[in-house]
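Text of input-v7.cif (mmCIF, C-alpha atoms (C1' of nucleotides)) as supplied:
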data_coords
#
loop_
_atom_site.group_PDB
_atom_site.id
_atom_site.type_symbol
_atom_site.label_atom_id
_atom_site.label_comp_id
_atom_site.auth_asym_id
_atom_site.auth_seq_id
_atom_site.Cartn_x
_atom_site.Cartn_y
_atom_site.Cartn_z
ATOM 1 C CA MET V 1 97.906 -209.511 -168.068
ATOM 2 C CA SER V 2 98.552 -211.494 -164.931
ATOM 3 C CA LEU V 3 98.038 -210.280 -161.418
ATOM 4 C CA THR V 4 100.709 -208.946 -159.134
ATOM 5 C CA ALA V 5 101.232 -210.659 -155.810
ATOM 6 C CA LYS V 6 99.528 -207.782 -154.075
ATOM 7 C CA GLU V 7 96.485 -207.952 -156.312
ATOM 8 C CA LEU V 8 96.315 -211.685 -155.868
ATOM 9 C CA LEU V 9 96.316 -211.495 -152.092
ATOM 10 C CA THR V 10 93.628 -208.837 -152.169
ATOM 11 C CA LYS V 11 91.523 -210.850 -154.562
ATOM 12 C CA LYS V 12 91.800 -213.936 -152.408
ATOM 13 C CA GLY V 13 90.933 -212.022 -149.258
ATOM 14 C CA VAL V 14 94.225 -212.556 -147.494
ATOM 15 C CA LYS V 15 95.263 -209.870 -145.062
ATOM 16 C CA MET V 16 98.352 -208.139 -146.358
ATOM 17 C CA THR V 17 101.689 -208.318 -144.580
ATOM 18 C CA SER V 18 105.157 -207.766 -145.947
ATOM 19 C CA GLN V 19 106.061 -211.379 -145.180
ATOM 20 C CA ARG V 20 103.133 -212.733 -147.146
ATOM 21 C CA LEU V 21 103.808 -210.383 -149.993
ATOM 22 C CA VAL V 22 107.446 -211.317 -150.299
ATOM 23 C CA ILE V 23 106.817 -215.038 -150.029
ATOM 24 C CA THR V 24 104.105 -214.850 -152.665
ATOM 25 C CA GLU V 25 106.326 -212.820 -154.970
ATOM 26 C CA TYR V 26 109.171 -215.242 -154.479
ATOM 27 C CA LEU V 27 107.003 -218.186 -155.453
ATOM 28 C CA MET V 28 105.512 -216.385 -158.434
ATOM 29 C CA GLN V 29 108.900 -215.505 -159.825
ATOM 30 C CA THR V 30 110.572 -218.900 -159.603
ATOM 31 C CA LEU V 31 110.156 -222.003 -161.719
ATOM 32 C CA GLU V 32 111.585 -224.140 -158.952
ATOM 33 C CA HIS V 33 109.296 -225.826 -156.478
ATOM 34 C CA PRO V 34 110.974 -224.826 -153.251
ATOM 35 C CA THR V 35 110.576 -226.269 -149.774
ATOM 36 C CA ALA V 36 109.783 -224.083 -146.783
ATOM 37 C CA ASP V 37 113.470 -223.855 -145.921
ATOM 38 C CA GLU V 38 114.434 -222.900 -149.436
ATOM 39 C CA ILE V 39 111.790 -220.200 -149.393
ATOM 40 C CA LEU V 40 113.097 -218.932 -146.089
ATOM 41 C CA ALA V 41 116.630 -218.761 -147.483
ATOM 42 C CA GLY V 42 115.551 -217.136 -150.722
ATOM 43 C CA VAL V 43 113.311 -214.573 -149.143
ATOM 44 C CA ALA V 44 115.187 -213.550 -146.016
ATOM 45 C CA GLU V 45 117.411 -211.064 -147.818
ATOM 46 C CA MET V 46 114.437 -209.321 -149.381
ATOM 47 C CA LEU V 47 113.037 -208.315 -146.015
ATOM 48 C CA PRO V 48 114.439 -205.617 -143.748
ATOM 49 C CA VAL V 49 113.530 -207.647 -140.680
ATOM 50 C CA PRO V 50 114.419 -211.253 -139.883
ATOM 51 C CA LEU V 51 111.862 -213.817 -141.000
ATOM 52 C CA SER V 52 111.177 -216.751 -138.758
ATOM 53 C CA ARG V 53 110.716 -220.294 -139.911
ATOM 54 C CA ALA V 54 107.404 -220.491 -138.064
ATOM 55 C CA THR V 55 106.094 -217.543 -140.028
ATOM 56 C CA VAL V 56 107.132 -219.171 -143.276
ATOM 57 C CA TYR V 57 105.145 -222.261 -142.380
ATOM 58 C CA ASN V 58 102.169 -220.277 -141.112
ATOM 59 C CA THR V 59 102.193 -218.133 -144.215
ATOM 60 C CA LEU V 60 102.452 -221.061 -146.581
ATOM 61 C CA ASN V 61 99.509 -222.741 -144.896
ATOM 62 C CA THR V 62 97.496 -219.564 -145.114
ATOM 63 C CA LEU V 63 98.298 -219.171 -148.788
ATOM 64 C CA VAL V 64 97.431 -222.775 -149.532
ATOM 65 C CA ASP V 65 94.116 -222.458 -147.697
ATOM 66 C CA ALA V 66 93.318 -219.275 -149.595
ATOM 67 C CA GLY V 67 94.118 -220.880 -152.921
ATOM 68 C CA VAL V 68 97.031 -218.570 -153.673
ATOM 69 C CA ILE V 69 99.580 -221.394 -153.932
ATOM 70 C CA ARG V 70 99.626 -225.197 -154.006
ATOM 71 C CA GLU V 71 101.467 -227.969 -152.310
ATOM 72 C CA VAL V 72 103.507 -230.306 -154.486
ATOM 73 C CA LEU V 73 104.153 -233.837 -153.240
ATOM 74 C CA THR V 74 106.888 -235.557 -155.167
ATOM 75 C CA GLU V 75 109.093 -237.066 -152.495
ATOM 76 C CA PRO V 76 108.431 -238.457 -149.045
ATOM 77 C CA GLY V 77 108.704 -236.229 -146.009
ATOM 78 C CA ARG V 78 108.976 -232.779 -147.514
ATOM 79 C CA THR V 79 106.390 -230.492 -148.950
ATOM 80 C CA ARG V 80 107.175 -228.230 -151.877
ATOM 81 C CA TYR V 81 105.218 -225.196 -152.985
ATOM 82 C CA ASP V 82 104.100 -223.845 -156.331
ATOM 83 C CA ALA V 83 102.486 -220.530 -157.207
ATOM 84 C CA ASN V 84 101.089 -221.992 -160.393
ATOM 85 C CA THR V 85 97.489 -222.735 -159.463
ATOM 86 C CA PHE V 86 96.364 -223.640 -162.941
ATOM 87 C CA GLU V 87 95.619 -227.318 -163.334
ATOM 88 C CA HIS V 88 98.989 -228.736 -164.291
ATOM 89 C CA HIS V 89 101.347 -231.619 -163.678
ATOM 90 C CA HIS V 90 104.975 -232.382 -162.887
ATOM 91 C CA PHE V 91 107.934 -234.205 -164.312
ATOM 92 C CA VAL V 92 110.657 -235.146 -161.843
ATOM 93 C CA ASP V 93 114.128 -235.706 -163.245
ATOM 94 C CA VAL V 94 115.263 -238.612 -161.111
ATOM 95 C CA LYS V 95 118.939 -237.732 -161.415
ATOM 96 C CA SER V 96 118.860 -234.082 -160.478
ATOM 97 C CA GLY V 97 115.602 -233.940 -158.577
ATOM 98 C CA LYS V 98 114.562 -231.035 -160.769
ATOM 99 C CA ILE V 99 110.807 -230.623 -161.128
ATOM 100 C CA ILE V 100 109.341 -229.327 -164.360
ATOM 101 C CA ASP V 101 105.798 -228.068 -164.833
ATOM 102 C CA ILE V 102 103.741 -229.898 -167.411
ATOM 103 C CA PRO V 103 100.760 -227.896 -168.613
ATOM 104 C CA GLN V 104 97.366 -229.532 -168.649
ATOM 105 C CA GLU V 105 97.175 -229.146 -172.429
ATOM 106 C CA MET V 106 100.054 -231.537 -172.996
ATOM 107 C CA LEU V 107 98.018 -234.442 -171.726
ATOM 108 C CA PRO V 108 94.687 -235.895 -172.751
ATOM 109 C CA ASP V 109 91.967 -234.957 -170.294
ATOM 110 C CA ILE V 110 91.454 -237.910 -167.986
ATOM 111 C CA GLU V 111 89.063 -236.306 -165.533
ATOM 112 C CA LYS V 112 86.105 -238.270 -166.862
ATOM 113 C CA ALA V 113 87.917 -241.564 -167.219
ATOM 114 C CA LEU V 114 86.811 -242.942 -163.857
ATOM 115 C CA GLY V 115 83.086 -242.741 -164.562
ATOM 116 C CA ASP V 116 80.193 -241.207 -162.670
ATOM 117 C CA LYS V 117 80.845 -242.803 -159.326
ATOM 118 C CA PHE V 118 83.925 -240.676 -158.879
ATOM 119 C CA LYS V 119 83.333 -236.940 -158.745
ATOM 120 C CA VAL V 120 86.826 -235.704 -159.499
ATOM 121 C CA HIS V 121 87.613 -232.210 -158.210
ATOM 122 C CA SER V 122 91.179 -232.200 -159.431
ATOM 123 C CA TYR V 123 93.963 -234.517 -160.317
ATOM 124 C CA THR V 124 97.690 -234.312 -160.682
ATOM 125 C CA VAL V 125 100.067 -236.459 -162.650
ATOM 126 C CA THR V 126 103.638 -236.912 -161.521
ATOM 127 C CA PHE V 127 106.092 -238.330 -164.024
ATOM 128 C CA TYR V 128 109.456 -239.710 -162.961
ATOM 129 C CA GLY V 129 112.220 -240.137 -165.508
ATOM 130 C CA ASP V 130 115.288 -238.799 -167.237
ATOM 131 C CA LEU V 131 115.618 -235.601 -169.124
ATOM 132 C CA GLU V 132 117.561 -235.497 -172.377
ATOM 133 C CA ASP V 133 120.617 -233.324 -172.006
ATOM 134 C CA ASP V 134 119.495 -230.417 -174.121
ATOM 135 C CA LYS V 135 116.453 -229.976 -171.939
ATOM 136 C CA LYS V 136 118.548 -229.503 -168.850
ATOM 137 C CA MET T 1 98.148 -267.531 -159.438
ATOM 138 C CA SER T 2 99.785 -264.763 -157.475
ATOM 139 C CA LEU T 3 102.811 -265.144 -155.283
ATOM 140 C CA THR T 4 102.776 -265.542 -151.541
ATOM 141 C CA ALA T 5 104.673 -263.026 -149.463
ATOM 142 C CA LYS T 6 107.362 -265.589 -148.846
ATOM 143 C CA GLU T 7 107.792 -266.335 -152.520
ATOM 144 C CA LEU T 8 107.872 -262.653 -153.314
ATOM 145 C CA LEU T 9 110.637 -261.905 -150.827
ATOM 146 C CA THR T 10 112.660 -264.831 -152.139
ATOM 147 C CA LYS T 11 112.184 -263.730 -155.714
ATOM 148 C CA LYS T 12 113.267 -260.196 -154.906
ATOM 149 C CA GLY T 13 116.333 -261.373 -153.017
ATOM 150 C CA VAL T 14 115.291 -260.047 -149.639
ATOM 151 C CA LYS T 15 116.611 -261.907 -146.652
ATOM 152 C CA MET T 16 113.730 -263.525 -144.818
ATOM 153 C CA THR T 17 112.730 -262.544 -141.306
ATOM 154 C CA SER T 18 109.425 -262.987 -139.540
ATOM 155 C CA GLN T 19 109.025 -259.204 -139.297
ATOM 156 C CA ARG T 20 109.451 -258.716 -143.021
ATOM 157 C CA LEU T 21 107.158 -261.591 -143.787
ATOM 158 C CA VAL T 22 104.387 -260.315 -141.583
ATOM 159 C CA ILE T 23 104.667 -256.746 -142.801
ATOM 160 C CA THR T 24 104.607 -257.888 -146.411
ATOM 161 C CA GLU T 25 101.617 -260.126 -145.782
ATOM 162 C CA TYR T 26 99.817 -257.335 -144.013
ATOM 163 C CA LEU T 27 100.296 -255.002 -146.954
ATOM 164 C CA MET T 28 99.315 -257.640 -149.491
ATOM 165 C CA GLN T 29 96.100 -258.425 -147.713
ATOM 166 C CA THR T 30 94.797 -254.901 -147.222
ATOM 167 C CA LEU T 31 93.249 -252.486 -149.676
ATOM 168 C CA GLU T 32 94.077 -249.596 -147.414
ATOM 169 C CA HIS T 33 97.262 -247.655 -147.894
ATOM 170 C CA PRO T 34 98.543 -247.622 -144.355
ATOM 171 C CA THR T 35 101.194 -245.443 -142.764
ATOM 172 C CA ALA T 36 104.126 -246.919 -140.851
ATOM 173 C CA ASP T 37 102.259 -246.466 -137.587
ATOM 174 C CA GLU T 38 99.136 -248.124 -138.916
ATOM 175 C CA ILE T 39 101.234 -251.036 -140.106
ATOM 176 C CA LEU T 40 102.855 -251.293 -136.704
ATOM 177 C CA ALA T 41 99.467 -251.355 -135.013
ATOM 178 C CA GLY T 42 98.004 -253.845 -137.461
ATOM 179 C CA VAL T 43 100.918 -256.206 -137.424
ATOM 180 C CA ALA T 44 102.024 -256.204 -133.804
ATOM 181 C CA GLU T 45 99.431 -258.759 -132.727
ATOM 182 C CA MET T 46 100.492 -261.183 -135.435
ATOM 183 C CA LEU T 47 103.979 -261.508 -134.029
ATOM 184 C CA PRO T 48 104.939 -263.388 -130.873
ATOM 185 C CA VAL T 49 107.597 -260.786 -130.060
ATOM 186 C CA PRO T 50 107.206 -257.023 -129.809
ATOM 187 C CA LEU T 51 107.876 -255.149 -133.044
ATOM 188 C CA SER T 52 109.679 -251.865 -132.819
ATOM 189 C CA ARG T 53 108.839 -248.753 -134.769
ATOM 190 C CA ALA T 54 112.422 -248.577 -136.035
ATOM 191 C CA THR T 55 112.146 -252.035 -137.510
ATOM 192 C CA VAL T 56 108.931 -251.107 -139.259
ATOM 193 C CA TYR T 57 110.641 -248.160 -140.904
ATOM 194 C CA ASN T 58 113.779 -250.127 -141.746
ATOM 195 C CA THR T 59 111.711 -252.933 -143.183
ATOM 196 C CA LEU T 60 109.534 -250.641 -145.255
ATOM 197 C CA ASN T 61 112.610 -248.956 -146.707
ATOM 198 C CA THR T 62 114.137 -252.319 -147.507
ATOM 199 C CA LEU T 63 110.961 -253.489 -149.197
ATOM 200 C CA VAL T 64 110.659 -250.291 -151.213
ATOM 201 C CA ASP T 65 114.283 -250.550 -152.343
ATOM 202 C CA ALA T 66 113.760 -254.177 -153.329
ATOM 203 C CA GLY T 67 110.644 -253.340 -155.301
ATOM 204 C CA VAL T 68 108.345 -255.401 -153.101
ATOM 205 C CA ILE T 69 106.147 -252.438 -152.141
ATOM 206 C CA ARG T 70 105.701 -248.797 -153.120
ATOM 207 C CA GLU T 71 105.404 -245.493 -151.380
ATOM 208 C CA VAL T 72 102.214 -243.531 -151.916
ATOM 209 C CA LEU T 73 102.315 -239.753 -151.551
ATOM 210 C CA THR T 74 98.869 -238.263 -151.246
ATOM 211 C CA GLU T 75 99.141 -235.917 -148.312
ATOM 212 C CA PRO T 76 101.941 -233.809 -146.881
ATOM 213 C CA GLY T 77 104.208 -235.166 -144.182
ATOM 214 C CA ARG T 78 103.281 -238.806 -144.084
ATOM 215 C CA THR T 79 104.240 -241.674 -146.302
ATOM 216 C CA ARG T 80 101.807 -244.462 -147.066
ATOM 217 C CA TYR T 81 102.625 -247.889 -148.420
ATOM 218 C CA ASP T 82 101.100 -250.123 -151.046
ATOM 219 C CA ALA T 83 101.900 -253.720 -151.926
ATOM 220 C CA ASN T 84 100.397 -253.263 -155.369
ATOM 221 C CA THR T 85 103.458 -252.759 -157.546
ATOM 222 C CA PHE T 86 101.626 -252.870 -160.816
ATOM 223 C CA GLU T 87 101.498 -249.514 -162.529
ATOM 224 C CA HIS T 88 98.364 -247.986 -161.097
ATOM 225 C CA HIS T 89 96.913 -244.796 -159.716
ATOM 226 C CA HIS T 90 94.913 -243.449 -156.787
ATOM 227 C CA PHE T 91 91.674 -241.724 -156.029
ATOM 228 C CA VAL T 92 91.495 -239.880 -152.708
ATOM 229 C CA ASP T 93 88.059 -239.297 -151.249
ATOM 230 C CA VAL T 94 88.506 -235.844 -149.790
ATOM 231 C CA LYS T 95 85.877 -236.353 -147.114
ATOM 232 C CA SER T 96 87.004 -239.643 -145.643
ATOM 233 C CA GLY T 97 90.619 -239.667 -146.747
ATOM 234 C CA LYS T 98 90.051 -243.113 -148.165
ATOM 235 C CA ILE T 99 92.405 -244.029 -150.996
ATOM 236 C CA ILE T 100 91.206 -246.248 -153.814
ATOM 237 C CA ASP T 101 93.412 -247.979 -156.355
ATOM 238 C CA ILE T 102 92.758 -247.102 -159.965
ATOM 239 C CA PRO T 103 94.135 -249.678 -162.380
ATOM 240 C CA GLN T 104 96.261 -248.492 -165.261
ATOM 241 C CA GLU T 105 93.704 -249.828 -167.743
ATOM 242 C CA MET T 106 91.069 -247.354 -166.634
ATOM 243 C CA LEU T 107 93.067 -244.457 -168.022
ATOM 244 C CA PRO T 108 94.460 -243.707 -171.445
ATOM 245 C CA ASP T 109 98.197 -244.285 -171.581
ATOM 246 C CA ILE T 110 99.884 -240.927 -171.213
ATOM 247 C CA GLU T 111 103.461 -242.123 -170.949
ATOM 248 C CA LYS T 112 104.310 -240.905 -174.430
ATOM 249 C CA ALA T 113 102.441 -237.623 -174.193
ATOM 250 C CA LEU T 114 105.459 -235.565 -173.169
ATOM 251 C CA GLY T 115 107.517 -236.357 -176.259
ATOM 252 C CA ASP T 116 111.036 -237.677 -176.754
ATOM 253 C CA LYS T 117 112.815 -235.207 -174.553
ATOM 254 C CA PHE T 118 111.293 -236.794 -171.486
ATOM 255 C CA LYS T 119 112.213 -240.413 -170.879
ATOM 256 C CA VAL T 120 109.421 -241.399 -168.532
ATOM 257 C CA HIS T 121 110.204 -244.345 -166.248
ATOM 258 C CA SER T 122 106.886 -244.275 -164.449
ATOM 259 C CA TYR T 123 104.087 -241.965 -163.589
ATOM 260 C CA THR T 124 101.306 -241.832 -161.093
ATOM 261 C CA VAL T 125 98.008 -240.018 -161.203
ATOM 262 C CA THR T 126 96.320 -238.897 -158.024
ATOM 263 C CA PHE T 127 92.687 -237.892 -158.213
ATOM 264 C CA TYR T 128 90.998 -235.922 -155.446
ATOM 265 C CA GLY T 129 87.239 -235.839 -155.212
ATOM 266 C CA ASP T 130 84.037 -237.207 -153.763
ATOM 267 C CA LEU T 131 82.818 -240.716 -153.912
ATOM 268 C CA GLU T 132 79.146 -241.431 -154.549
ATOM 269 C CA ASP T 133 77.568 -243.080 -151.544
ATOM 270 C CA ASP T 134 77.107 -246.528 -152.961
ATOM 271 C CA LYS T 135 80.805 -246.740 -153.658
ATOM 272 C CA LYS T 136 81.670 -246.218 -150.033
ATOM 273 C "C1'" DT U 1 90.756 -200.338 -131.275
ATOM 274 C "C1'" DT U 2 89.860 -204.651 -132.406
ATOM 275 C "C1'" DT U 3 91.523 -208.476 -134.750
ATOM 276 C "C1'" DC U 4 94.997 -210.888 -136.826
ATOM 277 C "C1'" DT U 5 100.034 -211.823 -137.563
ATOM 278 C "C1'" DT U 6 104.823 -212.397 -136.190
ATOM 279 C "C1'" DG U 7 108.646 -214.281 -133.636
ATOM 280 C "C1'" DC U 8 110.563 -216.963 -130.329
ATOM 281 C "C1'" DA U 9 111.033 -221.138 -128.061
ATOM 282 C "C1'" DA U 10 109.186 -225.286 -126.875
ATOM 283 C "C1'" DA U 11 106.450 -229.147 -128.348
ATOM 284 C "C1'" DT U 12 104.951 -232.653 -131.764
ATOM 285 C "C1'" DT U 13 105.244 -235.863 -135.351
ATOM 286 C "C1'" DG U 14 107.534 -238.632 -138.734
ATOM 287 C "C1'" DT U 15 111.743 -240.908 -139.673
ATOM 288 C "C1'" DT U 16 116.705 -242.271 -139.195
ATOM 289 C "C1'" DT U 17 120.793 -243.955 -136.827
ATOM 290 C "C1'" DG U 18 124.405 -246.182 -133.518
ATOM 291 C "C1'" DC U 19 125.234 -250.013 -131.237
ATOM 292 C "C1'" DA U 20 124.787 -254.504 -128.702
ATOM 293 C "C1'" DG U 21 122.575 -258.752 -129.098
ATOM 294 C "C1'" DT U 22 120.072 -262.105 -132.084
ATOM 295 C "C1'" DT U 23 118.830 -264.394 -136.351
ATOM 296 C "C1'" DT U 24 119.380 -265.954 -141.140
ATOM 297 C "C1'" DT U 25 122.161 -268.053 -144.731
ATOM 298 C "C1'" DA E 1 131.010 -268.406 -138.866
ATOM 299 C "C1'" DA E 2 129.912 -264.400 -141.564
ATOM 300 C "C1'" DA E 3 126.779 -261.135 -142.837
ATOM 301 C "C1'" DA E 4 122.690 -259.050 -142.014
ATOM 302 C "C1'" DC E 5 118.665 -257.869 -138.986
ATOM 303 C "C1'" DT E 6 116.194 -256.258 -134.672
ATOM 304 C "C1'" DG E 7 115.228 -253.374 -130.704
ATOM 305 C "C1'" DC E 8 116.123 -249.710 -127.871
ATOM 306 C "C1'" DA E 9 117.095 -245.146 -127.139
ATOM 307 C "C1'" DA E 10 118.834 -241.166 -128.742
ATOM 308 C "C1'" DA E 11 119.184 -238.126 -132.711
ATOM 309 C "C1'" DC E 12 117.194 -235.681 -136.608
ATOM 310 C "C1'" DA E 13 114.120 -233.337 -139.634
ATOM 311 C "C1'" DA E 14 109.842 -231.202 -140.821
ATOM 312 C "C1'" DT E 15 106.134 -228.848 -139.064
ATOM 313 C "C1'" DT E 16 102.980 -226.969 -135.425
ATOM 314 C "C1'" DT E 17 101.670 -224.399 -131.346
ATOM 315 C "C1'" DG E 18 101.341 -221.091 -127.107
ATOM 316 C "C1'" DC E 19 101.908 -216.743 -125.935
ATOM 317 C "C1'" DA E 20 103.506 -211.853 -125.666
ATOM 318 C "C1'" DA E 21 104.468 -207.961 -128.599
ATOM 319 C "C1'" DG E 22 103.526 -205.635 -132.992
ATOM 320 C "C1'" DA E 23 101.009 -204.459 -137.299
ATOM 321 C "C1'" DA E 24 96.820 -204.283 -140.428
ATOM 322 C "C1'" DA E 25 91.894 -203.199 -141.184
#
Please re-express this file's structure in structure tokens.
Amino acid sequence: MSLTAKELLTKKGVKMTSQRLVITEYLMQTLEHPTADEILAGVAEMLPVPLSRATVYNTLNTLVDAGVIREVLTEPGRTRYDANTFEHHHFVDVKSGKIIDIPQEMLPDIEKALGDKFKVHSYTVTFYGDLEDDKK
Amino acid sequence: MSLTAKELLTKKGVKMTSQRLVITEYLMQTLEHPTADEILAGVAEMLPVPLSRATVYNTLNTLVDAGVIREVLTEPGRTRYDANTFEHHHFVDVKSGKIIDIPQEMLPDIEKALGDKFKVHSYTVTFYGDLEDDKK
DNA sequence: TTTCTTGCAAATTGTTTGCAGTTTT
DNA sequence: AAAACTGCAAACAATTTGCAAGAAA
């Protein structure tokens, strides 16, 4: 079974604080790919004390550096975050802006396609398009 | 043979100004994927009059909207620009930050991989990794 | 108790906008 | 001449940073 947020932070060697715990839990439990502000809004009510925007940013950077979460770049100027750290990809519905995870297994493996000169550590595919209604 | 910047702007219905022409030429002639500031620095000397940062941004947005250039999102917080509007992809050398164009033909076509529910308009693959020395 | 984190406010960085004057069609 | 563009400065938006007080190892 999958790890709890607490176990994950311990495993990744991140010092535990209630802010980090709640932000990690929030990201693990959503399928959205929220921005820092959306995380702040979604998490604030779960904490007894006020959470500052600076702490959200600091925490997100810490979690990214520790490999607990990932940044998602789908639009200019704003960074989104994703607790899914498995190799995976994204589909952006251009009408709604909704971002849907695409598991690695849905695509052919293209890691080797570039040849030996390129040592690929990771890659991400971003699709832009329309979603048929019944998928929304 | 390929179009000149002037021909391209005409074809795309963009009103001609010396700023737009020079910015388009600059992007067509480089293999880099410069930011707005890098474009400003690289282009300023080619114009008899000073070029303002606001005009660079306005121009880039106009050119993106007209389909003359594309935005490239490889790192958080900053937008890069690319005059290559063919469907293609990018390799980011994690050490130097250098971005290399990967032509569509180097990869298998994955547009149809998601199935009918997803009407894919376009997609872009971003690879992160190391480049062997002789490729630098 | 030592080290690291949080919160606040101020600072930075990237980008957009309002408006007067200039250029393109 | 009409419509659109440029430059400047001010406005915004996203993110980072310095420092004092507080919490985790």
Explicit residue set for the PyMOL selection byres ((chain U and resi 14) around 7), as a ChimeraX atom specification: /T:78 /U:13,15
I need the chosen residues saved as a CSV table (one decimal), in the coordinates of the input, with C-alpha atoms (C1' of nucleotides).
chain,number,residue,atom,x,y,z
T,78,ARG,CA,103.3,-238.8,-144.1
U,13,DT,C1',105.2,-235.9,-135.4
U,15,DT,C1',111.7,-240.9,-139.7
In Å, with one decimal, what is the gap from CA of Met106 in chain V to CA of Arg70 in chain T?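 Pair CA of Met106 in chain V / CA of Arg70 in chain T returns 26.9 Å.
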Please work out which residues fall within 8 Å of (120.3, -264.1, -142.1), coordinates as given in the file, with all atoms listed in the file counting, and return them as a PyMOL selection string. (chain T and resi 15-17) or (chain U and resi 23-25) or (chain E and resi 3-5)
Taking (101.6, -251.7, -161.4) as a centre in this file's frame and 10 Å as the limit, can you find every polymer residue with an atom that close, using all atoms listed in the file, and give them as an MDAnalysis selection string? chainID T and resid 70 83:89 103:104 122 124
Please save C-alpha atoms of the selected residues as a CSV table (one decimal), in the coordinates of the input.
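File out28.csv, as written:
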chain,number,residue,atom,x,y,z
T,70,ARG,CA,105.7,-248.8,-153.1
T,83,ALA,CA,101.9,-253.7,-151.9
T,84,ASN,CA,100.4,-253.3,-155.4
T,85,THR,CA,103.5,-252.8,-157.5
T,86,PHE,CA,101.6,-252.9,-160.8
T,87,GLU,CA,101.5,-249.5,-162.5
T,88,HIS,CA,98.4,-248.0,-161.1
T,89,HIS,CA,96.9,-244.8,-159.7
T,103,PRO,CA,94.1,-249.7,-162.4
T,104,GLN,CA,96.3,-248.5,-165.3
T,122,SER,CA,106.9,-244.3,-164.4
T,124,THR,CA,101.3,-241.8,-161.1
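If you look at CA of Ile39 in chain V and CA of Gln19 in chain V, they are 11.3 Å away from each other.
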Distance query DT3 in chain U at most 12 Å, all atoms listed in the file, self and fewer than 6 positions along chain excluded, as a ChimeraX atom specification: /V:15 /E:23-25
Please provide the set of residues having any atom within 12 Å of DA14 in chain E, restricted to only C-alpha atoms (C1' of nucleotides), with same-chain residues fewer than 2 positions apart removed, written as a PyMOL selection string. (chain V and resi 35-37+53-54+57+76-80) or (chain T and resi 76-78) or (chain U and resi 12-15) or (chain E and resi 12+16)
Could you work out how far C1' of DT16 in chain U lies from CA of Lys98 in chain T, giving the answer in Å with one decimal? 28.1 Å
Specify as a PyMOL selection string all residues of chain T found within 7 Å of chain V, counting all atoms listed in the file. chain T and resi 73+76-79+106-107+110+113-114+117-132+135
Once you count only C-alpha atoms (C1' of nucleotides), what closest atom pair and distance in Å to one decimal does each residue of chain U within 10 Å of chain V have, with rows by chain and rising residue number, as a Markdown table?
| residue | atom | partner | partner_atom | distance |
| --- | --- | --- | --- | --- |
| U:DC4 | C1' | V:Lys15 | CA | 8.3 |
| U:DT5 | C1' | V:Thr17 | CA | 8.0 |
| U:DT6 | C1' | V:Thr55 | CA | 6.5 |
| U:DG7 | C1' | V:Ser52 | CA | 6.2 |
| U:DC8 | C1' | V:Ser52 | CA | 8.5 |
| U:DG14 | C1' | V:Gly77 | CA | 7.8 |
| U:DT15 | C1' | V:Gly77 | CA | 8.4 |
On this structure, the PyMOL selection byres ((chain T and resi 27) around 10) would catch which residues? List them as a ChimeraX atom specification, sorted by chain and number. /T:5,22-26,28-34,39,42-43,69,81-84
Can you spit out the residues from that selection as a PDB file, in the coordinates of the input, using C-alpha atoms?
ATOM      1  CA  ALA T   5     104.673-263.026-149.463  1.00  0.00           C
ATOM      2  CA  VAL T  22     104.387-260.315-141.583  1.00  0.00           C
ATOM      3  CA  ILE T  23     104.667-256.746-142.801  1.00  0.00           C
ATOM      4  CA  THR T  24     104.607-257.888-146.411  1.00  0.00           C
ATOM      5  CA  GLU T  25     101.617-260.126-145.782  1.00  0.00           C
ATOM      6  CA  TYR T  26      99.817-257.335-144.013  1.00  0.00           C
ATOM      7  CA  MET T  28      99.315-257.640-149.491  1.00  0.00           C
ATOM      8  CA  GLN T  29      96.100-258.425-147.713  1.00  0.00           C
ATOM      9  CA  THR T  30      94.797-254.901-147.222  1.00  0.00           C
ATOM     10  CA  LEU T  31      93.249-252.486-149.676  1.00  0.00           C
ATOM     11  CA  GLU T  32      94.077-249.596-147.414  1.00  0.00           C
ATOM     12  CA  HIS T  33      97.262-247.655-147.894  1.00  0.00           C
ATOM     13  CA  PRO T  34      98.543-247.622-144.355  1.00  0.00           C
ATOM     14  CA  ILE T  39     101.234-251.036-140.106  1.00  0.00           C
ATOM     15  CA  GLY T  42      98.004-253.845-137.461  1.00  0.00           C
ATOM     16  CA  VAL T  43     100.918-256.206-137.424  1.00  0.00           C
ATOM     17  CA  ILE T  69     106.147-252.438-152.141  1.00  0.00           C
ATOM     18  CA  TYR T  81     102.625-247.889-148.420  1.00  0.00           C
ATOM     19  CA  ASP T  82     101.100-250.123-151.046  1.00  0.00           C
ATOM     20  CA  ALA T  83     101.900-253.720-151.926  1.00  0.00           C
ATOM     21  CA  ASN T  84     100.397-253.263-155.369  1.00  0.00           C
TER      22      ASN T  84
END
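Using the PyMOL selection byres ((chain E and resi 18) around 9) on this structure selects DA10 of chain U; DT17 and DC19 of chain E.
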Measuring between only C-alpha atoms (C1' of nucleotides), which one of T:Val56, T:Ile99, T:Asp65, T:Glu38 shows the shortest distance to chain E?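 Of T:Val56, T:Ile99, T:Asp65, T:Glu38, the one nearest chain E is T:Val56, counting only C-alpha atoms (C1' of nucleotides).
Using all atoms listed in the file, the nearest neighbour of chain E within the list T:Ser96, T:Val68, T:Ala41, T:Ser18 is T:Ser18.
Using only C-alpha atoms (C1' of nucleotides), the smallest distance between any of E:DA2, E:DG22, E:DC8, E:DT15 and chain V comes from E:DT15.
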Return the padded bounding box of range 38-54 of chain V as JSON: axis-aligned, built from all atoms listed in the file, 4 Å added on each side, with centre and edge lengths in Å to one decimal.
{"center_x": 112.4, "center_y": -214.3, "center_z": -144.4, "size_x": 18.0, "size_y": 25.3, "size_z": 20.7}
Surrounding residues of DA9 in chain E excluding itself and chain neighbours under 2 positions, 10 Å, only C-alpha atoms (C1' of nucleotides), as a VMD selection string: (chain U and resid 18) or (chain E and resid 7 11)
